[in-house]
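Below is model-v4.pdb, which holds PDB, C-alpha atoms (C1' of nucleotides).
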```pdb
ATOM      1  CA  MET A   1      -0.037  22.781 -84.349
ATOM      2  CA  LEU A   2      -2.600  20.145 -83.533
ATOM      3  CA  THR A   3      -6.250  19.970 -84.488
ATOM      4  CA  ILE A   4      -8.927  19.127 -81.959
ATOM      5  CA  GLY A   5      -8.845  15.421 -82.752
ATOM      6  CA  ASP A   6      -5.113  15.285 -82.139
ATOM      7  CA  VAL A   7      -5.334  16.997 -78.757
ATOM      8  CA  ALA A   8      -8.287  14.819 -77.822
ATOM      9  CA  ARG A   9      -6.194  11.719 -78.437
ATOM     10  CA  ALA A  10      -3.171  13.220 -76.701
ATOM     11  CA  SER A  11      -5.079  14.387 -73.639
ATOM     12  CA  GLY A  12      -7.448  11.481 -73.258
ATOM     13  CA  LEU A  13     -10.529  13.682 -73.454
ATOM     14  CA  PRO A  14     -13.387  13.466 -75.965
ATOM     15  CA  THR A  15     -13.307  16.128 -78.695
ATOM     16  CA  LYS A  16     -16.687  17.292 -77.450
ATOM     17  CA  THR A  17     -15.190  18.063 -74.081
ATOM     18  CA  VAL A  18     -12.157  19.826 -75.516
ATOM     19  CA  ARG A  19     -14.514  22.000 -77.548
ATOM     20  CA  TYR A  20     -16.608  22.622 -74.458
ATOM     21  CA  TYR A  21     -13.547  23.681 -72.460
ATOM     22  CA  ALA A  22     -12.647  26.070 -75.254
ATOM     23  CA  ASP A  23     -16.195  27.486 -75.227
ATOM     24  CA  ILE A  24     -16.126  28.200 -71.508
ATOM     25  CA  GLY A  25     -12.614  29.623 -71.752
ATOM     26  CA  LEU A  26     -10.946  26.988 -69.590
ATOM     27  CA  VAL A  27      -8.370  25.866 -72.133
ATOM     28  CA  GLN A  28      -8.477  27.882 -75.289
ATOM     29  CA  PRO A  29      -6.858  27.011 -78.607
ATOM     30  CA  ASP A  30      -3.681  28.830 -79.517
ATOM     31  CA  ALA A  31      -5.167  29.902 -82.820
ATOM     32  CA  ARG A  32      -7.665  29.151 -85.552
ATOM     33  CA  SER A  33      -6.817  27.940 -89.015
ATOM     34  CA  GLN A  34      -7.981  29.876 -92.065
ATOM     35  CA  SER A  35     -10.980  27.585 -92.278
ATOM     36  CA  GLY A  36     -11.869  27.996 -88.607
ATOM     37  CA  TYR A  37     -10.291  24.833 -87.179
ATOM     38  CA  ARG A  38      -9.117  25.130 -83.579
ATOM     39  CA  LEU A  39      -5.314  24.813 -83.403
ATOM     40  CA  TYR A  40      -3.502  23.780 -80.216
ATOM     41  CA  SER A  41       0.088  23.628 -79.055
ATOM     42  CA  ASP A  42       1.709  21.220 -76.574
ATOM     43  CA  THR A  43       1.083  23.628 -73.708
ATOM     44  CA  GLU A  44      -2.648  23.261 -74.132
ATOM     45  CA  VAL A  45      -2.387  19.498 -74.301
ATOM     46  CA  ARG A  46      -0.598  19.526 -70.957
ATOM     47  CA  LYS A  47      -3.224  21.770 -69.456
ATOM     48  CA  LEU A  48      -5.944  19.452 -70.706
ATOM     49  CA  ILE A  49      -4.243  16.427 -69.182
ATOM     50  CA  PHE A  50      -4.023  18.301 -65.903
ATOM     51  CA  VAL A  51      -7.699  19.213 -66.080
ATOM     52  CA  ARG A  52      -8.706  15.661 -66.936
ATOM     53  CA  ARG A  53      -6.940  14.379 -63.839
ATOM     54  CA  ALA A  54      -8.252  17.088 -61.548
ATOM     55  CA  ARG A  55     -11.817  16.661 -62.830
ATOM     56  CA  ALA A  56     -11.607  12.898 -62.367
ATOM     57  CA  PHE A  57     -11.005  13.535 -58.688
ATOM     58  CA  GLY A  58     -13.872  15.837 -58.053
ATOM     59  CA  PHE A  59     -12.315  19.242 -58.572
ATOM     60  CA  SER A  60     -14.835  21.548 -60.192
ATOM     61  CA  VAL A  61     -14.176  23.292 -63.457
ATOM     62  CA  GLU A  62     -13.874  26.558 -61.549
ATOM     63  CA  GLU A  63     -11.259  25.035 -59.246
ATOM     64  CA  CYS A  64      -9.387  23.789 -62.291
ATOM     65  CA  ARG A  65      -9.529  27.265 -63.737
ATOM     66  CA  GLU A  66      -8.022  28.632 -60.546
ATOM     67  CA  LEU A  67      -5.294  26.004 -60.487
ATOM     68  CA  LEU A  68      -4.384  26.655 -64.110
ATOM     69  CA  ASP A  69      -4.311  30.308 -63.227
ATOM     70  CA  LEU A  70      -1.574  29.623 -60.687
ATOM     71  CA  TYR A  71       0.753  28.832 -63.533
ATOM     72  CA  GLY A  72      -0.321  31.569 -65.853
ATOM     73  CA  ASN A  73      -0.740  34.605 -63.681
ATOM     74  CA  ARG A  74       2.604  36.212 -63.159
ATOM     75  CA  ASP A  75       1.254  38.951 -60.899
ATOM     76  CA  ARG A  76      -0.074  36.673 -58.222
ATOM     77  CA  PRO A  77       1.968  36.620 -55.004
ATOM     78  CA  SER A  78       3.874  33.425 -54.464
ATOM     79  CA  ARG A  79       2.274  32.668 -51.127
ATOM     80  CA  ASP A  80      -1.235  32.742 -52.642
ATOM     81  CA  VAL A  81      -0.155  30.131 -55.103
ATOM     82  CA  LYS A  82       1.426  28.071 -52.388
ATOM     83  CA  ASN A  83      -1.613  28.282 -50.131
ATOM     84  CA  LEU A  84      -4.040  27.218 -52.775
ATOM     85  CA  ALA A  85      -1.768  24.393 -53.837
ATOM     86  CA  LEU A  86      -1.355  23.207 -50.242
ATOM     87  CA  GLN A  87      -5.114  23.243 -49.675
ATOM     88  CA  ARG A  88      -5.648  21.134 -52.758
ATOM     89  CA  ILE A  89      -2.872  18.788 -51.730
ATOM     90  CA  ALA A  90      -4.562  18.199 -48.381
ATOM     91  CA  GLU A  91      -7.773  17.433 -50.239
ATOM     92  CA  ILE A  92      -5.986  15.010 -52.507
ATOM     93  CA  GLU A  93      -4.503  13.232 -49.523
ATOM     94  CA  ARG A  94      -7.972  12.816 -48.033
ATOM     95  CA  LYS A  95      -9.157  11.443 -51.354
ATOM     96  CA  MET A  96      -6.246   9.006 -51.394
ATOM     97  CA  LEU A  97      -7.359   7.603 -48.057
ATOM     98  CA  GLU A  98     -10.943   7.241 -49.236
ATOM     99  CA  LEU A  99      -9.785   5.548 -52.389
ATOM    100  CA  GLU A 100      -7.766   3.090 -50.335
ATOM    101  CA  MET A 101     -10.819   2.238 -48.265
ATOM    102  CA  LEU A 102     -12.856   1.620 -51.382
ATOM    103  CA  HIS A 103     -10.056  -0.560 -52.662
ATOM    104  CA  LYS A 104      -9.963  -2.529 -49.446
ATOM    105  CA  GLU A 105     -13.697  -3.044 -49.494
ATOM    106  CA  LEU A 106     -13.815  -4.395 -53.009
ATOM    107  CA  SER A 107     -10.712  -6.528 -52.496
ATOM    108  CA  HIS A 108     -12.349  -8.016 -49.472
ATOM    109  CA  LEU A 109     -15.429  -8.804 -51.501
ATOM    110  CA  ALA A 110     -13.380 -10.337 -54.308
ATOM    111  CA  ASP A 111     -11.421 -12.445 -51.827
ATOM    112  CA  ALA A 112     -14.591 -13.637 -50.205
ATOM    113  CA  CYS A 113     -15.645 -15.024 -53.577
ATOM    114  CA  ARG A 114     -12.544 -17.105 -54.083
ATOM    115  CA  GLY A 115     -14.369 -20.404 -53.930
ATOM    116  CA  ASP A 116     -17.955 -20.495 -54.942
ATOM    117  CA  ASP A 117     -19.676 -19.695 -51.728
ATOM    118  CA  ARG A 118     -20.308 -16.028 -51.369
ATOM    119  CA  PRO A 119     -20.771 -14.829 -47.824
ATOM    120  CA  ASP A 120     -23.921 -13.083 -46.846
ATOM    121  CA  CYS A 121     -22.737  -9.506 -46.813
ATOM    122  CA  PRO A 122     -19.002  -8.848 -46.597
ATOM    123  CA  ILE A 123     -19.570  -5.139 -47.186
ATOM    124  CA  LEU A 124     -20.914  -4.647 -43.707
ATOM    125  CA  SER A 125     -17.798  -5.693 -41.875
ATOM    126  CA  ASN A 126     -15.513  -3.609 -43.993
ATOM    127  CA  LEU A 127     -17.714  -0.577 -44.187
ATOM    128  CA  ALA A 128     -17.853  -0.384 -40.446
ATOM    129  CA  ASP A 129     -14.302   0.936 -40.585
ATOM    130  CA  ASP A 130     -15.321   4.479 -41.363
ATOM    131  CA  SER A 131     -12.315   6.214 -39.907
ATOM    132  CA  VAL A 132     -12.049   8.581 -42.819
ATOM    133  CA  SER A 133     -14.111  11.720 -42.576
ATOM    134  CA  PRO A 134     -16.253  12.723 -45.528
ATOM    135  CA  THR A 135     -14.660  14.933 -48.139
ATOM    136  CA  GLY A 136     -17.725  16.956 -48.897
ATOM    137  CA  SER A 137     -16.333  18.274 -52.161
TER     138      SER A 137
ATOM    139  CA  MET B   1     -34.348   3.620 -36.619
ATOM    140  CA  LEU B   2     -32.823   6.819 -37.977
ATOM    141  CA  THR B   3     -34.501   9.706 -39.744
ATOM    142  CA  ILE B   4     -33.052  11.223 -42.888
ATOM    143  CA  GLY B   5     -31.086  13.871 -41.011
ATOM    144  CA  ASP B   6     -29.409  11.224 -38.875
ATOM    145  CA  VAL B   7     -28.356   9.130 -41.847
ATOM    146  CA  ALA B   8     -27.193  12.237 -43.675
ATOM    147  CA  ARG B   9     -24.855  13.070 -40.800
ATOM    148  CA  ALA B  10     -23.756   9.457 -40.415
ATOM    149  CA  SER B  11     -23.073   8.930 -44.113
ATOM    150  CA  GLY B  12     -21.618  12.307 -44.935
ATOM    151  CA  LEU B  13     -24.189  13.008 -47.645
ATOM    152  CA  PRO B  14     -26.644  15.932 -47.854
ATOM    153  CA  THR B  15     -30.233  15.034 -46.933
ATOM    154  CA  LYS B  16     -31.227  16.119 -50.412
ATOM    155  CA  THR B  17     -28.999  13.474 -51.897
ATOM    156  CA  VAL B  18     -30.203  10.750 -49.530
ATOM    157  CA  ARG B  19     -33.763  11.593 -50.548
ATOM    158  CA  TYR B  20     -32.753  11.544 -54.185
ATOM    159  CA  TYR B  21     -31.151   8.117 -53.788
ATOM    160  CA  ALA B  22     -34.355   6.889 -52.191
ATOM    161  CA  ASP B  23     -36.395   8.317 -55.085
ATOM    162  CA  ILE B  24     -34.328   6.544 -57.730
ATOM    163  CA  GLY B  25     -34.332   3.334 -55.703
ATOM    164  CA  LEU B  26     -30.585   3.214 -55.084
ATOM    165  CA  VAL B  27     -30.739   3.082 -51.289
ATOM    166  CA  GLN B  28     -34.255   2.893 -49.998
ATOM    167  CA  PRO B  29     -35.419   3.511 -46.435
ATOM    168  CA  ASP B  30     -36.235   0.486 -44.344
ATOM    169  CA  ALA B  31     -39.661   1.880 -43.550
ATOM    170  CA  ARG B  32     -41.795   4.983 -43.193
ATOM    171  CA  SER B  33     -43.076   6.375 -39.932
ATOM    172  CA  GLN B  34     -46.784   6.904 -39.461
ATOM    173  CA  SER B  35     -46.339  10.512 -40.463
ATOM    174  CA  GLY B  36     -44.423   9.611 -43.593
ATOM    175  CA  TYR B  37     -40.831  10.157 -42.381
ATOM    176  CA  ARG B  38     -38.223   7.940 -44.017
ATOM    177  CA  LEU B  39     -36.708   5.539 -41.503
ATOM    178  CA  TYR B  40     -33.303   3.930 -42.015
ATOM    179  CA  SER B  41     -31.273   1.226 -40.312
ATOM    180  CA  ASP B  42     -27.498   0.880 -40.022
ATOM    181  CA  THR B  43     -27.360  -1.251 -43.145
ATOM    182  CA  GLU B  44     -28.587   1.650 -45.243
ATOM    183  CA  VAL B  45     -26.090   3.997 -43.640
ATOM    184  CA  ARG B  46     -23.303   1.635 -44.642
ATOM    185  CA  LYS B  47     -24.600   1.422 -48.160
ATOM    186  CA  LEU B  48     -24.745   5.210 -48.345
ATOM    187  CA  ILE B  49     -21.155   5.533 -47.162
ATOM    188  CA  PHE B  50     -20.124   3.032 -49.801
ATOM    189  CA  VAL B  51     -22.008   4.967 -52.468
ATOM    190  CA  ARG B  52     -20.529   8.275 -51.344
ATOM    191  CA  ARG B  53     -17.025   6.885 -51.754
ATOM    192  CA  ALA B  54     -17.697   5.198 -55.048
ATOM    193  CA  ARG B  55     -19.378   8.313 -56.470
ATOM    194  CA  ALA B  56     -16.502  10.496 -55.318
ATOM    195  CA  PHE B  57     -14.245   8.431 -57.561
ATOM    196  CA  GLY B  58     -16.265   8.610 -60.684
ATOM    197  CA  PHE B  59     -18.392   5.496 -60.478
ATOM    198  CA  SER B  60     -21.821   6.261 -61.922
ATOM    199  CA  VAL B  61     -24.995   5.781 -59.941
ATOM    200  CA  GLU B  62     -25.776   2.773 -62.123
ATOM    201  CA  GLU B  63     -22.389   1.239 -61.359
ATOM    202  CA  CYS B  64     -23.031   1.817 -57.664
ATOM    203  CA  ARG B  65     -26.350   0.088 -58.036
ATOM    204  CA  GLU B  66     -24.630  -2.881 -59.587
ATOM    205  CA  LEU B  67     -21.989  -2.990 -56.881
ATOM    206  CA  LEU B  68     -24.587  -2.829 -54.117
ATOM    207  CA  ASP B  69     -26.383  -5.588 -55.925
ATOM    208  CA  LEU B  70     -23.343  -7.819 -55.530
ATOM    209  CA  TYR B  71     -24.010  -7.917 -51.837
ATOM    210  CA  GLY B  72     -27.745  -8.241 -51.986
ATOM    211  CA  ASN B  73     -28.405 -10.687 -54.754
ATOM    212  CA  ARG B  74     -28.077 -14.198 -53.430
ATOM    213  CA  ASP B  75     -28.827 -15.848 -56.771
ATOM    214  CA  ARG B  76     -25.923 -14.364 -58.605
ATOM    215  CA  PRO B  77     -23.084 -16.794 -59.339
ATOM    216  CA  SER B  78     -19.990 -16.135 -57.299
ATOM    217  CA  ARG B  79     -17.697 -15.684 -60.298
ATOM    218  CA  ASP B  80     -19.872 -12.881 -61.668
ATOM    219  CA  VAL B  81     -19.480 -11.057 -58.424
ATOM    220  CA  LYS B  82     -15.768 -11.671 -58.385
ATOM    221  CA  ASN B  83     -15.328 -10.535 -61.983
ATOM    222  CA  LEU B  84     -17.166  -7.302 -61.496
ATOM    223  CA  ALA B  85     -15.312  -6.611 -58.296
ATOM    224  CA  LEU B  86     -11.957  -7.317 -59.940
ATOM    225  CA  GLN B  87     -12.762  -5.022 -62.842
ATOM    226  CA  ARG B  88     -13.617  -2.223 -60.455
ATOM    227  CA  ILE B  89     -10.499  -2.880 -58.425
ATOM    228  CA  ALA B  90      -8.367  -2.523 -61.539
ATOM    229  CA  GLU B  91     -10.099   0.760 -62.219
ATOM    230  CA  ILE B  92      -9.467   1.946 -58.711
ATOM    231  CA  GLU B  93      -5.799   1.102 -59.026
ATOM    232  CA  ARG B  94      -5.610   3.178 -62.171
ATOM    233  CA  LYS B  95      -7.293   6.014 -60.326
ATOM    234  CA  MET B  96      -4.785   5.687 -57.509
ATOM    235  CA  LEU B  97      -1.934   6.189 -59.958
ATOM    236  CA  GLU B  98      -3.590   9.224 -61.487
ATOM    237  CA  LEU B  99      -4.233  10.665 -58.067
ATOM    238  CA  GLU B 100      -0.581  10.216 -57.205
ATOM    239  CA  MET B 101       0.447  12.099 -60.310
ATOM    240  CA  LEU B 102      -1.861  14.963 -59.450
ATOM    241  CA  HIS B 103      -0.402  14.963 -55.981
ATOM    242  CA  LYS B 104       3.121  15.073 -57.337
ATOM    243  CA  GLU B 105       2.262  17.908 -59.656
ATOM    244  CA  LEU B 106       0.781  20.107 -56.992
ATOM    245  CA  SER B 107       3.518  19.274 -54.503
ATOM    246  CA  HIS B 108       6.045  20.281 -57.089
ATOM    247  CA  LEU B 109       4.249  23.573 -57.570
ATOM    248  CA  ALA B 110       4.039  24.199 -53.838
ATOM    249  CA  ASP B 111       7.715  23.395 -53.408
ATOM    250  CA  ALA B 112       8.628  25.710 -56.208
ATOM    251  CA  CYS B 113       6.956  28.533 -54.298
ATOM    252  CA  ARG B 114       8.987  28.021 -51.174
ATOM    253  CA  GLY B 115      10.769  31.339 -51.438
ATOM    254  CA  ASP B 116       9.044  34.095 -53.241
ATOM    255  CA  ASP B 117      10.170  33.538 -56.758
ATOM    256  CA  ARG B 118       7.732  31.420 -58.622
ATOM    257  CA  PRO B 119       9.170  29.700 -61.661
ATOM    258  CA  ASP B 120       7.696  30.359 -65.021
ATOM    259  CA  CYS B 121       5.632  27.240 -65.452
ATOM    260  CA  PRO B 122       6.468  24.248 -63.276
ATOM    261  CA  ILE B 123       3.408  22.420 -64.552
ATOM    262  CA  LEU B 124       5.045  21.772 -67.869
ATOM    263  CA  SER B 125       7.930  19.737 -66.584
ATOM    264  CA  ASN B 126       5.801  17.595 -64.359
ATOM    265  CA  LEU B 127       2.935  17.148 -66.747
ATOM    266  CA  ALA B 128       5.287  15.794 -69.347
ATOM    267  CA  ASP B 129       5.434  12.599 -67.286
ATOM    268  CA  ASP B 130       2.214  11.195 -68.660
ATOM    269  CA  SER B 131       2.961   7.543 -68.144
ATOM    270  CA  VAL B 132      -0.514   6.802 -66.858
ATOM    271  CA  SER B 133      -3.136   6.066 -69.463
ATOM    272  CA  PRO B 134      -6.459   7.849 -69.254
ATOM    273  CA  THR B 135      -9.199   6.213 -67.236
ATOM    274  CA  GLY B 136     -11.992   7.157 -69.536
ATOM    275  CA  SER B 137     -14.676   6.545 -66.922
TER     276      SER B 137
ATOM    277  C1'  DT C   1     -10.282  15.880-111.377
ATOM    278  C1'  DG C   2     -13.948  13.785-109.103
ATOM    279  C1'  DT C   3     -15.626  11.600-105.096
ATOM    280  C1'  DA C   4     -15.682   9.178-100.826
ATOM    281  C1'  DA C   5     -14.156   9.103 -96.238
ATOM    282  C1'  DT C   6     -12.897  11.446 -92.481
ATOM    283  C1'  DC C   7     -12.159  15.207 -90.458
ATOM    284  C1'  DC C   8     -13.821  19.886 -88.736
ATOM    285  C1'  DT C   9     -17.518  23.687 -87.684
ATOM    286  C1'  DT C  10     -21.894  25.651 -85.083
ATOM    287  C1'  DC C  11     -26.143  25.095 -82.842
ATOM    288  C1'  DC C  12     -29.353  23.041 -80.005
ATOM    289  C1'  DA C  13     -31.532  19.580 -77.424
ATOM    290  C1'  DG C  14     -31.033  16.153 -73.759
ATOM    291  C1'  DC C  15     -28.857  13.808 -69.996
ATOM    292  C1'  DT C  16     -26.940  12.701 -65.170
ATOM    293  C1'  DA C  17     -26.805  13.743 -60.697
ATOM    294  C1'  DC C  18     -27.835  16.556 -57.931
ATOM    295  C1'  DT C  19     -29.428  21.198 -55.459
ATOM    296  C1'  DG C  20     -32.256  25.131 -53.938
ATOM    297  C1'  DG C  21     -36.618  26.867 -52.645
ATOM    298  C1'  DA C  22     -41.503  27.098 -51.713
ATOM    299  C1'  DA C  23     -45.428  25.472 -49.182
ATOM    300  C1'  DG C  24     -46.760  22.891 -45.650
ATOM    301  C1'  DG C  25     -47.076  18.902 -42.030
ATOM    302  C1'  DT C  26     -44.641  16.828 -37.478
ATOM    303  C1'  DC C  27     -42.499  16.652 -33.126
ATOM    304  C1'  DA C  28     -39.901  17.704 -28.686
ATOM    305  C1'  DA C  29     -38.903  21.437 -25.435
ATOM    306  C1'  DG C  30     -40.175  25.094 -22.595
TER     307       DG C  30
ATOM    308  C1'  DC D   1     -49.563  25.888 -27.029
ATOM    309  C1'  DT D   2     -46.254  27.963 -29.524
ATOM    310  C1'  DT D   3     -41.444  28.130 -31.184
ATOM    311  C1'  DG D   4     -37.975  25.986 -33.739
ATOM    312  C1'  DA D   5     -35.955  22.325 -35.755
ATOM    313  C1'  DC D   6     -37.174  18.694 -38.029
ATOM    314  C1'  DC D   7     -39.687  16.265 -41.935
ATOM    315  C1'  DT D   8     -42.702  15.944 -46.436
ATOM    316  C1'  DT D   9     -43.645  16.698 -51.762
ATOM    317  C1'  DC D  10     -43.051  19.152 -55.907
ATOM    318  C1'  DC D  11     -40.924  21.795 -59.221
ATOM    319  C1'  DA D  12     -37.391  24.496 -61.257
ATOM    320  C1'  DG D  13     -32.425  25.226 -61.955
ATOM    321  C1'  DT D  14     -27.478  24.022 -62.300
ATOM    322  C1'  DA D  15     -22.930  21.795 -63.737
ATOM    323  C1'  DG D  16     -20.716  19.465 -66.950
ATOM    324  C1'  DC D  17     -20.977  17.301 -70.445
ATOM    325  C1'  DT D  18     -22.932  14.474 -74.712
ATOM    326  C1'  DG D  19     -25.438  13.236 -78.956
ATOM    327  C1'  DG D  20     -27.130  14.581 -83.316
ATOM    328  C1'  DA D  21     -28.186  17.415 -87.269
ATOM    329  C1'  DA D  22     -26.570  20.234 -91.082
ATOM    330  C1'  DG D  23     -22.909  21.656 -93.501
ATOM    331  C1'  DG D  24     -17.934  23.091 -94.789
ATOM    332  C1'  DA D  25     -12.703  21.432 -95.146
ATOM    333  C1'  DT D  26      -9.065  18.111 -95.988
ATOM    334  C1'  DT D  27      -6.931  13.869 -97.400
ATOM    335  C1'  DA D  28      -6.545   9.825-100.049
ATOM    336  C1'  DC D  29      -7.232   7.299-103.851
ATOM    337  C1'  DA D  30      -8.886   6.021-108.653
TER     338       DA D  30
END
```
Let me see the structure of the file written as structure tokens.
Amino acid sequence: MLTIGDVARASGLPTKTVRYYADIGLVQPDARSQSGYRLYSDTEVRKLIFVRRARAFGFSVEECRELLDLYGNRDRPSRDVKNLALQRIAEIERKMLELEMLHKELSHLADACRGDDRPDCPILSNLADDSVSPTGS
Amino acid sequence: MLTIGDVARASGLPTKTVRYYADIGLVQPDARSQSGYRLYSDTEVRKLIFVRRARAFGFSVEECRELLDLYGNRDRPSRDVKNLALQRIAEIERKMLELEMLHKELSHLADACRGDDRPDCPILSNLADDSVSPTGS
DNA sequence: TGTAATCCTTCCAGCTACTGGAAGGTCAAG
DNA sequence: CTTGACCTTCCAGTAGCTGGAAGGATTACA
């Protein structure tokens, strides 16, 4: 059993955030010690890592809750789970494209600064390529 | 010259947000009409698209400001610009890896639901592969 | 066995980045 | 000349943390 500091280190989240997630019932500790310390198992650490990743890519806490639910709720029909997962996957693929564009833009800027003469505004040329539709999430 | 609704559509941001960015001086309108309407040019639209993307991937408004500054500030030494850009690129590459892991996880879940028997907890196997270090942004 | 350092707890205030709504002015179309 | 879709400011509220105070628990070491 791990204390909050341990799971914070293991999950890459601040203790404050882990405590907050416990408070809102997103990822709750397995148990409490006699003195009131939150105690976690590996399962919770994995959930927290999952949440950290999902949050970092714009999924709301409520969406994370729903995704975590997919794994926990035995009564839910399989196709519901699949549908929700597929929706999220499509969203992630859109995000991947956007991330690539951002990467291209900044790479272009960095390249343009190879010597010591910075061009006027490299962003404009690259940003014109707005083939990716907005995510809106 | 475009009004706020036009730039909102063109940039993929809500008008509210465009107005907010103007208020905090992140992306300001080119001018105001006689009646007080905010008027934007293409340059601002491009900046807004850039900001939308950067924000969607966890860059703070202040970081966006700094990045936009790279293009605008003529007095800044070229290596500063390059350094900041390279730092951000490294960050983006880390984010790309994390996004891929999230993608893998959800794909795995969706695959597991192909039939109608959902496995106990597919997340656990996939989440164990935590080779990517936390971003921390 | 004491004590210092480093945990942990709760509670509450504050922050970032929006977001919704009210009250009201502007503008193009019919 | 009014209807409807714009735009304006202002102010309050929300999501998701985040920092700090006050105090108890645990460990490590003399």
Give, as lines of an AutoDock Vina configuration file, the centre coordinates and the x, y and z edge lengths in Å to one decimal for an axis-aligned box around all listed atoms of segment 13-24 of chain C, padded by 4 Å on each side.
```
center_x = -36.8
center_y = 19.9
center_z = -61.5
size_x = 28.0
size_y = 22.4
size_z = 39.8
```
Select from chain D every residue with an atom at most 9 Å from any atom of chain B, then for each give the shortest pair of atoms and their distance in Å to one decimal, using all atoms listed in the file, rows by chain and rising number, as a tab-separated table.
```
residue	atom	partner	partner_atom	distance
D:DC6	C1'	B:Gly5	CA	8.3
D:DC7	C1'	B:Tyr37	CA	6.2
D:DT8	C1'	B:Gly36	CA	7.2
```
Expected file contents, prior selection, C-alpha atoms (C1' of nucleotides), as a short mmCIF file (atom, residue, chain, number, x, y, z; two decimals), keeping the file's coordinate frame:
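What landed in result17.cif:
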```
data_model
loop_
_atom_site.label_atom_id
_atom_site.label_comp_id
_atom_site.auth_asym_id
_atom_site.auth_seq_id
_atom_site.Cartn_x
_atom_site.Cartn_y
_atom_site.Cartn_z
"C1'" DC D 6 -37.17 18.69 -38.03
"C1'" DC D 7 -39.69 16.26 -41.94
"C1'" DT D 8 -42.70 15.94 -46.44
#
```
Any idea what's packed within 12 Å of Lys16 of chain B, counting only C-alpha atoms (C1' of nucleotides), ignoring anything in its chain fewer than 6 positions away? Could you give it as number ranges by chain? B: 4-5, 7-9, 22-23; C: 17-20; D: 7
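Of the residues listed (B:Leu39, B:Val61, B:Leu2, B:Ala56), B:Ala56 shows the shortest atom-to-atom separation from chain A; distances use all atoms listed in the file.
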Name the residues in contact with DA21 of chain D at a cut-off of 12 Å, using all atoms listed in the file, excluding same-chain residues fewer than 5 positions from it; report them as a list in words.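 These residues fall inside the cut-off: DT10, DC11, DC12 and DA13 of chain C.
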Take the residues that were just selected and, keeping C-alpha atoms (C1' of nucleotides), output them as a JSON list (two decimals), in the coordinates of the input.
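Writing the result to result-v7.json gives the following:
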```json
[["chain", "number", "residue", "atom", "x", "y", "z"],
["C", 10, "DT", "C1'", -21.89, 25.65, -85.08],
["C", 11, "DC", "C1'", -26.14, 25.10, -82.84],
["C", 12, "DC", "C1'", -29.35, 23.04, -80.00],
["C", 13, "DA", "C1'", -31.53, 19.58, -77.42]]
```
Ground truth for the PyMOL selection byres ((chain B and resi 89-104) around 7), written as a list in words: Arg53, Ile89, Ile92, His103, Leu106 and Ser107 of chain A; Ala85, Leu86, Gln87, Arg88, Glu105, Leu106, Ser107, His108, Val132 and Thr135 of chain B
Could you save those same residues with C-alpha atoms as an mmCIF file, in the frame of the given file?
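Full text of out-v3.cif as output:
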```
data_model
loop_
_atom_site.group_PDB
_atom_site.id
_atom_site.type_symbol
_atom_site.label_atom_id
_atom_site.label_comp_id
_atom_site.auth_asym_id
_atom_site.auth_seq_id
_atom_site.Cartn_x
_atom_site.Cartn_y
_atom_site.Cartn_z
ATOM 1 C CA ARG A 53 -6.940 14.379 -63.839
ATOM 2 C CA ILE A 89 -2.872 18.788 -51.730
ATOM 3 C CA ILE A 92 -5.986 15.010 -52.507
ATOM 4 C CA HIS A 103 -10.056 -0.560 -52.662
ATOM 5 C CA LEU A 106 -13.815 -4.395 -53.009
ATOM 6 C CA SER A 107 -10.712 -6.528 -52.496
ATOM 7 C CA ALA B 85 -15.312 -6.611 -58.296
ATOM 8 C CA LEU B 86 -11.957 -7.317 -59.940
ATOM 9 C CA GLN B 87 -12.762 -5.022 -62.842
ATOM 10 C CA ARG B 88 -13.617 -2.223 -60.455
ATOM 11 C CA GLU B 105 2.262 17.908 -59.656
ATOM 12 C CA LEU B 106 0.781 20.107 -56.992
ATOM 13 C CA SER B 107 3.518 19.274 -54.503
ATOM 14 C CA HIS B 108 6.045 20.281 -57.089
ATOM 15 C CA VAL B 132 -0.514 6.802 -66.858
ATOM 16 C CA THR B 135 -9.199 6.213 -67.236
#
```
Could you tell me how far atom CA of Ser41 of chain A lies from atom CA of Leu13 of chain A, in Å and to one decimal?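 Going from atom CA of Ser41 of chain A over to atom CA of Leu13 of chain A, I get 15.6 Å.
In this comparison, which uses all atoms listed in the file, the residue of B:Lys82, B:Arg65, B:Arg19, B:Lys47 approaching chain C most closely is B:Arg19.
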In terms of the shortest atom-to-atom distance over all atoms listed in the file, which of B:Leu68, B:Val27, B:Val18, B:Ser60 is closest to chain A? B:Leu68
Point-to-point distance in Å for atom CA of Thr17 of chain B and atom CA of Arg46 of chain B: 15.0 Å
Show which residues sit within 8 Å of Ala54 of chain B, as a PyMOL selection string. Count all atoms listed in the file, and ignore same-chain residues fewer than 4 positions away. (chain A and resi 102) or (chain B and resi 50+58-59+64)
Would you mind telling me which residue in D:DT3, D:DA25, D:DT9, D:DG16 lies nearest to Ser33 of chain A when using all atoms listed in the file?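 Between D:DT3, D:DA25, D:DT9, D:DG16, the residue approaching Ser33 of chain A most closely is D:DA25.
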Close residues, Glu44 of chain B itself excluded, 9 Å, all atoms listed in the file, min 4 positions apart in chain, as a list in words: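 Near Glu44 of chain B, the qualifying residues are Val7, Val27, Gln28, Pro29, Asp30, Tyr40, Leu48 and Ile49 of chain B.
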Enter the distance from atom CA of Leu26 of chain B to atom CA of Leu70 of chain B, in Å, rounded to one decimal. 13.2 Å
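For the set C:DA29, C:DT6, C:DT16, C:DA23, the residue with the smallest atom-to-atom gap to chain B is C:DT16, counting all atoms listed in the file.
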For the contact check between chain C and chain A, emit one row per residue of chain C within 10 Å, containing the shortest atom pair and the distance in Å rounded to one decimal, counting only C-alpha atoms (C1' of nucleotides), chain then rising number order, as a Markdown table.
```
| residue | atom | partner | partner_atom | distance |
| --- | --- | --- | --- | --- |
| C:DC7 | C1' | A:Gly5 | CA | 8.4 |
| C:DC8 | C1' | A:Tyr37 | CA | 6.3 |
| C:DT9 | C1' | A:Gly36 | CA | 7.2 |
```
